[in-house]
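Q: What follows is the file protein26.cif, containing mmCIF, C-alpha atoms:
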```cif
data_target
#
loop_
_atom_site.label_atom_id
_atom_site.label_comp_id
_atom_site.auth_asym_id
_atom_site.auth_seq_id
_atom_site.Cartn_x
_atom_site.Cartn_y
_atom_site.Cartn_z
CA MET Q 28 106.09 61.98 160.27
CA LYS Q 29 105.59 58.24 160.44
CA LYS Q 30 101.95 57.23 160.36
CA ARG Q 31 100.51 53.73 160.25
CA TYR Q 32 96.95 52.51 160.03
CA ASP Q 33 96.76 48.74 159.70
CA THR Q 34 93.98 46.31 160.34
CA MET Q 35 95.51 45.31 163.69
CA ILE Q 36 94.66 48.65 165.24
CA GLU Q 37 90.99 48.24 166.00
CA ASN Q 38 90.41 49.91 169.32
CA TYR Q 39 90.51 53.58 170.06
CA GLU Q 40 93.17 53.44 172.77
CA GLU Q 41 95.87 51.90 170.59
CA ARG Q 42 95.15 54.43 167.87
CA ILE Q 43 95.32 57.34 170.35
CA ILE Q 44 98.63 56.17 171.80
CA GLU Q 45 100.12 55.62 168.35
CA ASN Q 46 99.08 59.10 167.26
CA ARG Q 47 100.50 60.59 170.45
CA ARG Q 48 103.88 58.90 169.94
CA ASN Q 49 104.11 59.91 166.31
CA LEU Q 50 103.32 63.51 167.25
CA HIS Q 51 105.73 63.43 170.20
CA MET Q 52 108.62 62.63 167.88
CA CYS Q 53 108.03 65.70 165.73
CA PRO Q 54 107.35 68.78 167.89
CA GLU Q 55 107.03 72.12 166.13
CA THR Q 56 106.79 75.56 167.73
CA GLY Q 57 104.01 78.10 167.41
CA PHE Q 58 102.82 78.90 163.87
CA ASN Q 59 105.42 76.46 162.50
CA GLU Q 60 103.30 73.32 162.98
CA TYR Q 61 103.21 72.46 159.29
CA ASN Q 62 103.96 68.73 159.59
CA THR Q 63 101.69 68.46 162.62
CA THR Q 64 98.86 70.07 160.65
CA LYS Q 65 99.48 67.70 157.75
CA TYR Q 66 99.34 64.73 160.13
CA ILE Q 67 96.05 65.89 161.65
CA ILE Q 68 94.52 66.36 158.22
CA GLU Q 69 95.59 62.85 157.15
CA CYS Q 70 93.92 61.41 160.25
CA LEU Q 71 90.71 63.36 159.68
CA LYS Q 72 90.59 62.17 156.07
CA GLN Q 73 91.07 58.60 157.29
CA TYR Q 74 88.14 59.07 159.68
CA GLY Q 75 85.94 60.67 156.99
CA ILE Q 76 85.61 63.94 158.92
CA GLU Q 77 85.15 67.34 157.27
CA TYR Q 78 87.71 70.01 158.12
CA GLU Q 79 89.01 73.43 157.21
CA ARG Q 80 92.63 74.43 157.51
CA ILE Q 81 93.24 77.75 159.24
CA ASN Q 82 94.29 80.49 156.82
CA VAL Q 83 94.40 83.94 158.41
CA ASP Q 84 96.00 87.24 157.45
CA ALA Q 85 97.82 88.12 160.69
CA THR Q 86 98.97 91.56 159.61
CA GLY Q 87 98.37 94.13 162.34
CA LEU Q 88 97.26 91.69 165.05
CA VAL Q 89 100.10 92.63 167.41
CA ASP Q 90 101.67 96.00 168.21
CA ASP Q 91 105.22 96.85 167.17
CA SER Q 92 106.81 96.53 170.63
CA THR Q 93 105.37 93.05 171.12
CA LYS Q 94 106.42 91.99 167.63
CA GLN Q 95 109.97 93.28 168.21
CA TYR Q 96 110.26 91.45 171.53
CA PHE Q 97 109.25 88.07 170.11
CA THR Q 98 111.47 88.61 167.06
CA ARG Q 99 114.43 89.20 169.38
CA ALA Q 100 113.48 86.04 171.26
CA GLY Q 101 113.60 84.06 168.01
CA ALA Q 102 109.83 83.66 167.51
CA SER Q 103 107.74 85.84 165.29
CA LEU Q 104 104.19 85.96 163.95
CA PRO Q 105 104.09 85.26 160.20
CA SER Q 106 102.12 87.60 157.98
CA ARG Q 107 99.74 84.73 157.21
CA VAL Q 108 99.00 81.81 159.53
CA THR Q 109 98.26 78.48 157.82
CA THR Q 110 98.74 75.99 160.64
CA GLY Q 111 95.93 74.46 162.66
CA VAL Q 112 92.64 72.86 161.68
CA VAL Q 113 88.97 73.10 162.62
CA ALA Q 114 87.04 69.88 162.01
CA THR Q 115 83.25 69.63 161.96
CA ILE Q 116 81.00 66.69 162.84
CA SER Q 117 77.26 67.17 162.43
CA GLY Q 118 74.69 64.91 164.02
CA ILE Q 119 71.50 63.53 162.58
CA GLU Q 120 69.51 66.36 164.17
CA SER Q 121 70.11 70.11 164.05
CA GLY Q 122 70.81 72.02 167.25
CA LYS Q 123 73.48 73.97 169.09
CA THR Q 124 77.18 74.03 168.22
CA VAL Q 125 79.84 73.05 170.76
CA ALA Q 126 83.62 73.23 170.37
CA ILE Q 127 86.31 71.08 171.97
CA ARG Q 128 89.87 72.33 171.69
CA GLY Q 129 93.35 70.81 171.75
CA ASP Q 130 96.58 72.74 171.21
CA ILE Q 131 99.23 71.31 168.87
CA ASP Q 132 102.51 73.21 169.35
CA GLY Q 133 105.74 72.16 171.05
CA LEU Q 134 108.44 74.03 172.97
CA ASN Q 135 112.06 75.10 172.53
CA ILE Q 136 113.23 72.57 175.12
CA PRO Q 137 115.77 69.78 174.39
CA GLU Q 138 114.21 66.46 175.43
CA GLU Q 139 115.87 64.35 178.13
CA THR Q 140 113.23 61.67 178.80
CA GLY Q 141 115.08 58.79 177.16
CA LEU Q 142 111.82 57.54 175.64
CA GLU Q 143 112.13 55.35 172.57
CA PHE Q 144 109.85 57.83 170.81
CA SER Q 145 111.74 60.93 171.96
CA SER Q 146 111.80 64.06 169.85
CA LYS Q 147 113.64 63.78 166.56
CA ASN Q 148 113.66 67.56 166.19
CA GLU Q 149 116.80 68.49 168.09
CA GLY Q 150 116.24 71.25 170.63
CA TYR Q 151 112.46 70.88 170.64
CA MET Q 152 110.05 68.86 172.75
CA HIS Q 153 106.39 68.34 173.53
CA ALA Q 154 107.06 69.28 177.15
CA CYS Q 155 103.57 70.63 177.86
CA GLY Q 156 101.54 67.66 176.67
CA HIS Q 157 100.18 69.19 173.50
CA ASP Q 158 100.97 65.95 171.65
CA CYS Q 159 98.59 64.30 174.12
CA HIS Q 160 95.91 66.94 173.59
CA THR Q 161 96.11 66.50 169.82
CA ALA Q 162 95.96 62.70 170.07
CA MET Q 163 93.06 62.85 172.54
CA LEU Q 164 91.15 65.20 170.26
CA LEU Q 165 91.78 62.94 167.27
CA GLY Q 166 90.53 60.05 169.39
CA ALA Q 167 87.41 62.00 170.29
CA ALA Q 168 86.92 62.87 166.61
CA LYS Q 169 86.90 59.18 165.68
CA MET Q 170 84.55 58.34 168.57
CA LEU Q 171 82.14 61.11 167.61
CA ALA Q 172 82.25 60.18 163.93
CA ASP Q 173 81.31 56.63 164.95
CA ASN Q 174 78.41 57.89 167.08
CA LYS Q 175 76.73 60.53 164.93
CA ASP Q 176 73.33 59.15 165.90
CA LYS Q 177 73.95 60.45 169.44
CA ILE Q 178 74.86 64.00 168.33
CA LYS Q 179 72.05 66.53 168.40
CA GLY Q 180 73.69 69.51 166.71
CA THR Q 181 77.26 70.17 165.62
CA VAL Q 182 80.66 69.52 167.17
CA LYS Q 183 83.67 71.57 166.13
CA LEU Q 184 87.11 70.22 166.99
CA ILE Q 185 89.76 72.91 167.20
CA PHE Q 186 93.34 71.78 166.59
CA GLN Q 187 94.86 75.07 167.66
CA PRO Q 188 98.37 76.33 166.84
CA ALA Q 189 100.64 78.43 169.02
CA GLU Q 190 99.17 78.24 172.50
CA GLU Q 191 102.73 78.85 173.72
CA GLY Q 192 103.03 81.91 171.50
CA PRO Q 193 104.30 83.99 169.88
CA ALA Q 194 101.75 86.75 170.35
CA PRO Q 195 98.86 86.99 169.84
CA GLY Q 196 98.63 83.21 170.36
CA GLY Q 197 96.71 80.67 168.34
CA ALA Q 198 93.32 81.15 170.00
CA ARG Q 199 93.16 84.70 168.67
CA ILE Q 200 94.02 83.39 165.19
CA VAL Q 201 91.28 80.75 165.37
CA MET Q 202 88.78 83.43 166.34
CA GLU Q 203 89.97 85.70 163.54
CA SER Q 204 89.42 82.84 161.07
CA GLY Q 205 85.65 82.98 161.56
CA LEU Q 206 85.51 79.19 161.72
CA ILE Q 207 84.00 79.15 165.22
CA ASP Q 208 81.69 82.17 165.01
CA ASP Q 209 78.68 79.90 165.43
CA VAL Q 210 79.99 78.12 168.55
CA ASP Q 211 77.77 78.36 171.63
CA ALA Q 212 80.17 76.85 174.16
CA ILE Q 213 83.78 75.65 174.24
CA PHE Q 214 85.73 73.21 176.40
CA GLY Q 215 89.43 72.50 176.72
CA ILE Q 216 91.39 69.76 178.51
CA HIS Q 217 95.02 69.97 179.67
CA VAL Q 218 97.07 67.06 180.98
CA THR Q 219 99.10 67.46 184.17
CA PRO Q 220 101.54 64.95 185.71
CA ASN Q 221 100.90 66.51 189.13
CA ILE Q 222 97.50 64.76 189.37
CA PRO Q 223 97.18 60.93 189.38
CA THR Q 224 95.78 59.18 186.34
CA GLY Q 225 92.02 58.78 186.55
CA TYR Q 226 91.47 62.01 188.47
CA ILE Q 227 90.13 65.31 187.16
CA GLU Q 228 90.44 68.83 188.55
CA ILE Q 229 87.91 71.43 187.43
CA PRO Q 230 88.35 75.08 188.39
CA ASN Q 231 85.04 76.50 189.60
CA THR Q 232 85.80 79.89 188.05
CA GLU Q 233 89.40 81.16 188.04
CA ALA Q 234 91.62 78.67 186.20
CA MET Q 235 94.74 80.44 184.93
CA ALA Q 236 96.21 83.93 185.37
CA ALA Q 237 96.65 86.85 183.04
CA THR Q 238 100.30 86.75 181.95
CA ASP Q 239 101.94 90.07 181.16
CA LEU Q 240 105.63 90.65 180.55
CA PHE Q 241 107.72 93.70 181.39
CA ASP Q 242 111.08 94.80 180.03
CA ILE Q 243 112.65 97.68 181.96
CA LYS Q 244 115.89 99.48 181.16
CA ILE Q 245 117.45 101.39 184.06
CA ILE Q 246 119.83 103.99 182.64
CA GLY Q 247 122.63 105.54 184.67
CA LYS Q 248 126.15 106.73 183.98
CA GLY Q 249 129.08 104.36 183.85
CA THR Q 250 132.19 104.90 185.91
CA HIS Q 251 135.07 103.09 187.58
CA ALA Q 252 133.99 101.07 190.63
CA MET Q 253 136.46 103.03 192.77
CA SER Q 254 134.60 106.29 192.14
CA PRO Q 255 130.83 105.62 192.22
CA HIS Q 256 130.19 109.26 193.11
CA LEU Q 257 131.26 110.23 189.59
CA GLY Q 258 128.64 108.04 187.98
CA ILE Q 259 124.99 107.08 188.36
CA ASP Q 260 124.76 103.45 189.43
CA PRO Q 261 121.98 101.54 187.59
CA ILE Q 262 122.66 98.36 189.58
CA TYR Q 263 121.92 100.17 192.83
CA MET Q 264 118.78 101.73 191.36
CA ALA Q 265 117.68 98.32 190.07
CA SER Q 266 118.13 96.77 193.53
CA ILE Q 267 115.87 99.41 195.08
CA ILE Q 268 113.28 98.95 192.35
CA ILE Q 269 113.21 95.16 192.79
CA GLY Q 270 112.56 95.50 196.51
CA GLN Q 271 109.85 98.11 196.01
CA PHE Q 272 108.09 95.93 193.43
CA GLN Q 273 107.47 93.32 196.11
CA GLY Q 274 106.07 96.09 198.30
CA ILE Q 275 103.40 96.68 195.66
CA ILE Q 276 102.13 93.14 196.13
CA GLY Q 277 102.63 93.09 199.89
CA ARG Q 278 101.30 96.53 200.81
CA GLU Q 279 99.35 98.11 197.95
CA ILE Q 280 97.22 95.22 196.66
CA ASP Q 281 94.40 93.74 198.73
CA PRO Q 282 95.86 90.53 200.22
CA ILE Q 283 92.66 88.71 199.31
CA GLU Q 284 93.49 89.24 195.65
CA LYS Q 285 95.82 86.89 193.78
CA ALA Q 286 98.73 88.76 192.20
CA LEU Q 287 102.41 88.16 191.52
CA ILE Q 288 105.43 90.10 190.26
CA SER Q 289 108.42 87.94 189.36
CA ILE Q 290 111.71 89.04 187.84
CA GLY Q 291 113.35 86.29 185.84
CA LYS Q 292 116.30 88.10 184.32
CA ILE Q 293 118.67 90.84 185.48
CA GLN Q 294 121.34 91.88 183.02
CA GLY Q 295 123.98 94.57 183.44
CA GLY Q 296 127.71 95.10 183.65
CA THR Q 297 130.70 93.42 182.05
CA ALA Q 298 133.51 93.78 184.62
CA PHE Q 299 133.95 93.50 188.40
CA ASN Q 300 135.51 96.95 188.66
CA ALA Q 301 133.21 98.99 186.45
CA ILE Q 302 129.77 100.41 187.16
CA PRO Q 303 127.74 99.94 183.98
CA THR Q 304 125.63 102.45 182.13
CA GLU Q 305 122.44 100.41 182.19
CA VAL Q 306 120.69 97.41 183.70
CA ASN Q 307 117.78 95.46 182.19
CA LEU Q 308 115.04 93.80 184.21
CA LEU Q 309 112.82 91.23 182.52
CA GLY Q 310 109.89 89.66 184.31
CA THR Q 311 106.20 88.87 184.49
CA VAL Q 312 103.05 90.00 186.28
CA ARG Q 313 100.28 87.47 187.00
CA THR Q 314 96.77 88.58 187.97
CA PHE Q 315 93.08 87.59 187.76
CA ASN Q 316 91.38 90.97 188.10
CA GLU Q 317 91.63 93.35 185.14
CA ASN Q 318 91.62 96.50 187.30
CA ILE Q 319 94.42 95.15 189.48
CA ARG Q 320 96.27 94.01 186.38
CA ASN Q 321 96.44 97.59 185.11
CA ALA Q 322 96.97 99.14 188.55
CA ILE Q 323 100.07 97.03 189.18
CA PHE Q 324 101.73 98.24 186.01
CA ASN Q 325 100.93 101.86 186.83
CA LYS Q 326 102.44 101.42 190.29
CA MET Q 327 105.50 99.65 188.88
CA GLU Q 328 106.23 102.50 186.49
CA ASN Q 329 105.77 105.01 189.32
CA VAL Q 330 108.41 103.11 191.32
CA VAL Q 331 110.83 103.08 188.41
CA LYS Q 332 110.21 106.74 187.61
CA GLY Q 333 110.60 107.88 191.23
CA THR Q 334 113.76 105.85 191.86
CA THR Q 335 115.57 106.89 188.70
CA GLU Q 336 114.65 110.54 189.23
CA MET Q 337 115.88 110.41 192.81
CA TYR Q 338 119.34 109.25 191.72
CA GLY Q 339 119.62 111.21 188.49
CA GLY Q 340 119.03 108.34 186.11
CA SER Q 341 116.39 107.62 183.50
CA TYR Q 342 114.46 104.59 182.28
CA GLU Q 343 112.56 102.85 179.53
CA PHE Q 344 109.48 100.85 180.59
CA THR Q 345 107.86 98.39 178.19
CA ARG Q 346 104.75 96.38 179.03
CA LEU Q 347 103.94 93.49 176.74
CA LYS Q 348 100.35 92.48 177.37
CA GLY Q 349 99.91 88.71 177.37
CA TYR Q 350 96.93 86.43 177.67
CA SER Q 351 93.99 87.44 179.83
CA ALA Q 352 92.96 85.36 182.84
CA THR Q 353 91.18 82.10 182.03
CA ILE Q 354 87.87 82.20 183.91
CA ASN Q 355 85.48 79.26 183.72
CA ASP Q 356 81.74 79.71 183.62
CA LYS Q 357 80.71 78.12 186.94
CA ARG Q 358 77.63 76.51 185.45
CA MET Q 359 79.80 74.90 182.76
CA SER Q 360 82.25 73.69 185.41
CA MET Q 361 79.44 71.98 187.29
CA PHE Q 362 78.18 70.50 184.02
CA VAL Q 363 81.63 68.98 183.34
CA LYS Q 364 81.66 67.54 186.87
CA LYS Q 365 78.40 65.76 186.17
CA VAL Q 366 79.75 64.42 182.88
CA CYS Q 367 82.87 63.13 184.64
CA GLU Q 368 80.73 61.26 187.16
CA GLY Q 369 79.23 59.25 184.32
CA ILE Q 370 82.59 58.04 182.93
CA LYS Q 371 83.66 54.82 184.65
CA ASP Q 372 87.40 55.36 183.99
CA ILE Q 373 87.36 58.54 186.10
CA SER Q 374 88.11 57.73 189.74
CA GLY Q 375 87.53 61.15 191.24
CA VAL Q 376 86.74 64.79 190.50
CA THR Q 377 87.94 67.82 192.45
CA MET Q 378 86.24 71.20 192.13
CA SER Q 379 88.97 73.75 192.76
CA ASP Q 380 88.97 77.35 193.96
CA VAL Q 381 92.77 77.51 193.82
CA PRO Q 382 93.83 78.70 190.35
CA LYS Q 383 97.22 78.27 188.76
CA LEU Q 384 99.42 81.27 187.97
CA GLY Q 385 100.41 79.94 184.59
CA GLY Q 386 98.79 81.38 181.48
CA GLU Q 387 96.55 79.98 178.74
CA ASP Q 388 95.24 81.56 175.58
CA PHE Q 389 92.04 79.52 176.06
CA SER Q 390 91.06 82.72 177.88
CA HIS Q 391 90.35 84.34 174.51
CA TYR Q 392 87.53 81.89 173.84
CA LEU Q 393 86.00 82.30 177.30
CA GLU Q 394 85.87 86.08 176.97
CA THR Q 395 83.06 85.77 174.41
CA ARG Q 396 81.32 82.45 175.11
CA GLN Q 397 80.56 80.06 177.94
CA GLY Q 398 82.80 77.09 178.61
CA ALA Q 399 85.36 75.51 180.91
CA PHE Q 400 89.04 74.58 181.11
CA ILE Q 401 89.76 71.20 182.73
CA TRP Q 402 92.85 69.47 184.20
CA LEU Q 403 93.34 65.78 183.37
CA GLY Q 404 95.65 63.77 185.63
CA CYS Q 405 98.38 61.89 183.76
CA GLY Q 406 100.79 61.24 186.62
CA GLY Q 407 100.16 57.52 187.05
CA ASN Q 408 99.67 56.23 190.58
CA GLU Q 409 102.43 58.30 192.21
CA VAL Q 410 102.81 61.98 191.40
CA SER Q 411 105.31 63.06 194.08
CA ASP Q 412 108.34 62.27 191.91
CA LYS Q 413 106.87 63.39 188.57
CA GLU Q 414 108.49 66.19 186.61
CA CYS Q 415 106.10 69.06 185.96
CA LEU Q 416 105.02 70.68 182.70
CA HIS Q 417 107.72 72.48 180.68
CA ASN Q 418 110.37 70.14 182.06
CA SER Q 419 112.80 68.33 179.73
CA ARG Q 420 112.13 65.05 181.60
CA MET Q 421 108.35 65.26 181.74
CA VAL Q 422 106.63 61.96 180.92
CA VAL Q 423 102.96 61.09 180.62
CA ASP Q 424 101.07 58.00 181.73
CA GLU Q 425 99.46 57.04 178.44
CA ASP Q 426 96.58 55.30 180.24
CA SER Q 427 95.22 58.82 180.77
CA LEU Q 428 94.79 59.53 177.07
CA ILE Q 429 91.74 57.36 176.47
CA ILE Q 430 90.12 59.06 179.47
CA GLY Q 431 90.75 62.45 177.87
CA SER Q 432 89.23 61.34 174.57
CA LYS Q 433 86.16 59.94 176.29
CA LEU Q 434 85.75 63.13 178.29
CA TYR Q 435 85.98 65.29 175.16
CA LYS Q 436 83.37 63.09 173.47
CA GLU Q 437 80.95 62.97 176.39
CA ILE Q 438 81.19 66.71 177.04
CA ALA Q 439 80.26 67.40 173.42
CA ILE Q 440 77.36 64.93 173.28
CA GLU Q 441 75.94 65.83 176.69
CA TYR Q 442 76.14 69.58 176.08
CA LEU Q 443 74.25 69.27 172.80
CA ASN Q 444 71.61 67.08 174.41
CA LYS Q 445 70.89 69.47 177.29
CA GLU Q 446 67.86 71.61 176.67
CA ASP Q 447 68.59 74.21 179.38
CA PHE Q 448 71.89 75.55 177.97
#
```
Could you rewrite the structure in this file as structure tokens?
A:
Amino acid sequence: MKKRYDTMIENYEERIIENRRNLHMCPETGFNEYNTTKYIIECLKQYGIEYERINVDATGLVDDSTKQYFTRAGASLPSRVTTGVVATISGIESGKTVAIRGDIDGLNIPEETGLEFSSKNEGYMHACGHDCHTAMLLGAAKMLADNKDKIKGTVKLIFQPAEEGPAPGGARIVMESGLIDDVDAIFGIHVTPNIPTGYIEIPNTEAMAATDLFDIKIIGKGTHAMSPHLGIDPIYMASIIIGQFQGIIGREIDPIEKALISIGKIQGGTAFNAIPTEVNLLGTVRTFNENIRNAIFNKMENVVKGTTEMYGGSYEFTRLKGYSATINDKRMSMFVKKVCEGIKDISGVTMSDVPKLGGEDFSHYLETRQGAFIWLGCGGNEVSDKECLHNSRMVVDEDSLIIGSKLYKEIAIEYLNKEDF
């Protein structure tokens, strides 16, 4: 990766944007962020900040079915994870410990933005803004290092690998490392081009959904299309199952609850005049309530079992448990709102009760400690025509990055200075 620190770069914003562009050119997928980790370490050394590189034995952290699925998909958990960094900045006084987190991995998406600093790693892109998160966190690190006299306690900066997977995700690895065992609260920021630059959205409680995956094989008996009565048609069984899955959401789950079943892949058959032996259904379930999360899967398997038995077929049902729901601590959400109101670059703050059905492994942190997940607008002045996250043409208004760094910094300082947390 190209990196330049010359005497002309004096202000934080230029440094943040340069870091972001350098990182954008070299995206790396989950647990493969070796050059990204090296770049982060070089920056931290330049800033005079202490750090520890993540080094975790990952053996046994995921079950065999999950491991096999991700291996088939071309992404697998290494036996030892050595990407990612946790930096530490201590103030002049002792006190609590707060963590601020930025994820560092890219996606298997070919870039089509046409930017002069487009990805040089063919087939890969920072299409979810993690280059921005890393640059913002590096910016916050420099700001905090320059303002140690304002820090009452310790700030840990988590440069986390593999938010996008593979399982179990980088947050779990960070927690397994033991490097944040002493953290009292944690905060994360995510850019979004669907909110104008200068505006912040803070979920009151529910932020992101639990994201589970299912892989179902419907097994029948192949036959010629002219004689379906001599076979057992898995396509027909699959069509019934798909319809009944939507009935689970529409008629068996309280409509007040937020839940979703989506099928993204149906695969079966090779010829127009032959009924195949099997059909595969691949999809996802999104929920916020753990009891409903489990109930939906039980009901789904009952549907599959009943349908295949009715028509003489059989099935294989695999549930791959993903990230849990990301639920903010309401008191921490209100705290972040107050911090935002003190930053002049922030034009407005929305407190939201409408969560997103995407997933985030930040949920792992919030299961054991207080904190909040925050949306940072990066859509410029007009967001109606902006491509969303995970899009090959997604671009970011870089004016938003300095706002993100300032917000990281102020959250850390203000949290440590509050006596009632």
Q: Residue by residue, what does the PyMOL selection byres ((chain Q and resi 70-74) around 8) grab here? Present the result as a ChimeraX atom specification.
A: /Q:66-69,75-78,114,165,168-169,172
Q: Would you write out those residues with C-alpha atoms, as a PDB file, keeping the file's coordinate frame?
A:
```pdb
ATOM      1  CA  TYR Q  66      99.340  64.730 160.130  1.00  0.00           C
ATOM      2  CA  ILE Q  67      96.050  65.890 161.650  1.00  0.00           C
ATOM      3  CA  ILE Q  68      94.520  66.360 158.220  1.00  0.00           C
ATOM      4  CA  GLU Q  69      95.590  62.850 157.150  1.00  0.00           C
ATOM      5  CA  GLY Q  75      85.940  60.670 156.990  1.00  0.00           C
ATOM      6  CA  ILE Q  76      85.610  63.940 158.920  1.00  0.00           C
ATOM      7  CA  GLU Q  77      85.150  67.340 157.270  1.00  0.00           C
ATOM      8  CA  TYR Q  78      87.710  70.010 158.120  1.00  0.00           C
ATOM      9  CA  ALA Q 114      87.040  69.880 162.010  1.00  0.00           C
ATOM     10  CA  LEU Q 165      91.780  62.940 167.270  1.00  0.00           C
ATOM     11  CA  ALA Q 168      86.920  62.870 166.610  1.00  0.00           C
ATOM     12  CA  LYS Q 169      86.900  59.180 165.680  1.00  0.00           C
ATOM     13  CA  ALA Q 172      82.250  60.180 163.930  1.00  0.00           C
TER      14      ALA Q 172
END
```
Q: With only C-alpha atoms as the basis for distance, which of Q:Thr345, Q:Thr395, Q:Ser117, Q:Thr304 is at the shortest distance from Ile213 (chain Q)?
A: Q:Thr395
Q: One number please: CA of Thr224 (chain Q) to CA of Gly375 (chain Q), in Å, one decimal.
A: 9.8 Å
Q: Could you state the separation of CA of Arg48 (chain Q) and CA of Gly431 (chain Q) in Å, given to one decimal place?
A: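 About the pair CA of Arg48 (chain Q) and CA of Gly431 (chain Q): they are 15.7 Å apart.
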Q: So how many Å separate CA of Arg199 (chain Q) and CA of Leu50 (chain Q), to one decimal?
A: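 So the two atoms, CA of Arg199 (chain Q) and CA of Leu50 (chain Q), lie 23.5 Å apart.
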Q: Taking 4 positions as the minimum chain separation for residues in the same chain, which residues sit within 6 Å of region 311-313 of chain Q when counting all atoms listed in the file? Answer as a ChimeraX atom specification.
A: /Q:236-241,286-289
Q: Pull out every residue that the PyMOL selection byres ((chain Q and resi 203) around 12) matches in the shown coordinates and put them as a list in words.
A: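 After applying the PyMOL selection byres ((chain Q and resi 203) around 12), what remains is Ile81, Asn82, Val83, Asp84, Ala85, Thr86, Gly87, Leu88, Arg107, Val108, Pro195, Gly196, Gly197, Ala198, Arg199, Ile200, Val201, Met202, Ser204, Gly205, Leu206, Ile207, Asp208, His391 and Tyr392 of chain Q.
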Q: Include C-alpha atoms and write out the residues we just selected as a short mmCIF file (atom, residue, chain, number, x, y, z; two decimals), keeping the file's coordinate frame.
A:
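And here is the file that came out, result.cif:
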```
data_model
loop_
_atom_site.label_atom_id
_atom_site.label_comp_id
_atom_site.auth_asym_id
_atom_site.auth_seq_id
_atom_site.Cartn_x
_atom_site.Cartn_y
_atom_site.Cartn_z
CA ILE Q 81 93.24 77.75 159.24
CA ASN Q 82 94.29 80.49 156.82
CA VAL Q 83 94.40 83.94 158.41
CA ASP Q 84 96.00 87.24 157.45
CA ALA Q 85 97.82 88.12 160.69
CA THR Q 86 98.97 91.56 159.61
CA GLY Q 87 98.37 94.13 162.34
CA LEU Q 88 97.26 91.69 165.05
CA ARG Q 107 99.74 84.73 157.21
CA VAL Q 108 99.00 81.81 159.53
CA PRO Q 195 98.86 86.99 169.84
CA GLY Q 196 98.63 83.21 170.36
CA GLY Q 197 96.71 80.67 168.34
CA ALA Q 198 93.32 81.15 170.00
CA ARG Q 199 93.16 84.70 168.67
CA ILE Q 200 94.02 83.39 165.19
CA VAL Q 201 91.28 80.75 165.37
CA MET Q 202 88.78 83.43 166.34
CA SER Q 204 89.42 82.84 161.07
CA GLY Q 205 85.65 82.98 161.56
CA LEU Q 206 85.51 79.19 161.72
CA ILE Q 207 84.00 79.15 165.22
CA ASP Q 208 81.69 82.17 165.01
CA HIS Q 391 90.35 84.34 174.51
CA TYR Q 392 87.53 81.89 173.84
#
```
Q: Could you tell me which residues the PyMOL selection byres ((chain Q and resi 439) around 10) returns for this structure, as a short mmCIF file (atom, residue, chain, number, x, y, z; two decimals) with C-alpha atoms, keeping the file's coordinate frame?
A:
```cif
data_model
loop_
_atom_site.label_atom_id
_atom_site.label_comp_id
_atom_site.auth_asym_id
_atom_site.auth_seq_id
_atom_site.Cartn_x
_atom_site.Cartn_y
_atom_site.Cartn_z
CA THR Q 124 77.18 74.03 168.22
CA VAL Q 125 79.84 73.05 170.76
CA ALA Q 126 83.62 73.23 170.37
CA ILE Q 127 86.31 71.08 171.97
CA ALA Q 167 87.41 62.00 170.29
CA LEU Q 171 82.14 61.11 167.61
CA ILE Q 178 74.86 64.00 168.33
CA LYS Q 179 72.05 66.53 168.40
CA GLY Q 180 73.69 69.51 166.71
CA THR Q 181 77.26 70.17 165.62
CA VAL Q 182 80.66 69.52 167.17
CA LYS Q 183 83.67 71.57 166.13
CA LEU Q 184 87.11 70.22 166.99
CA ALA Q 212 80.17 76.85 174.16
CA ILE Q 213 83.78 75.65 174.24
CA PHE Q 214 85.73 73.21 176.40
CA VAL Q 366 79.75 64.42 182.88
CA LYS Q 433 86.16 59.94 176.29
CA LEU Q 434 85.75 63.13 178.29
CA TYR Q 435 85.98 65.29 175.16
CA LYS Q 436 83.37 63.09 173.47
CA GLU Q 437 80.95 62.97 176.39
CA ILE Q 438 81.19 66.71 177.04
CA ILE Q 440 77.36 64.93 173.28
CA GLU Q 441 75.94 65.83 176.69
CA TYR Q 442 76.14 69.58 176.08
CA LEU Q 443 74.25 69.27 172.80
CA ASN Q 444 71.61 67.08 174.41
#
```
Q: I'd like to know which of Q:Ile243, Q:Ile275, Q:Val210, Q:Ala252 is closest to Gly398 (chain Q), using all atoms listed in the file.
A: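 Checking each of Q:Ile243, Q:Ile275, Q:Val210, Q:Ala252 against Gly398 (chain Q), counting all atoms listed in the file, the winner is Q:Val210.
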Q: Find, counting all atoms listed in the file, the residue in Q:Asn329, Q:Ser432, Q:Ser92, Q:Asn49 that gets nearest to His160 (chain Q).
A: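 When distances to His160 (chain Q) are compared using all atoms listed in the file, the smallest one comes from Q:Ser432.
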Q: Compare Q:Gly349, Q:Pro137, Q:Pro230, Q:Gly247 by their minimum atom-to-atom distance to Phe400 (chain Q), counting all atoms listed in the file, and give me the closest one.
A: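 Checking each candidate against Phe400 (chain Q), we get Q:Pro230 as the closest.
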Q: Under the rule that all atoms listed in the file are counted, which of Q:Asn148, Q:Thr334, Q:Thr377, Q:Thr93 is the nearest residue to Gly270 (chain Q)?
A: Q:Thr334
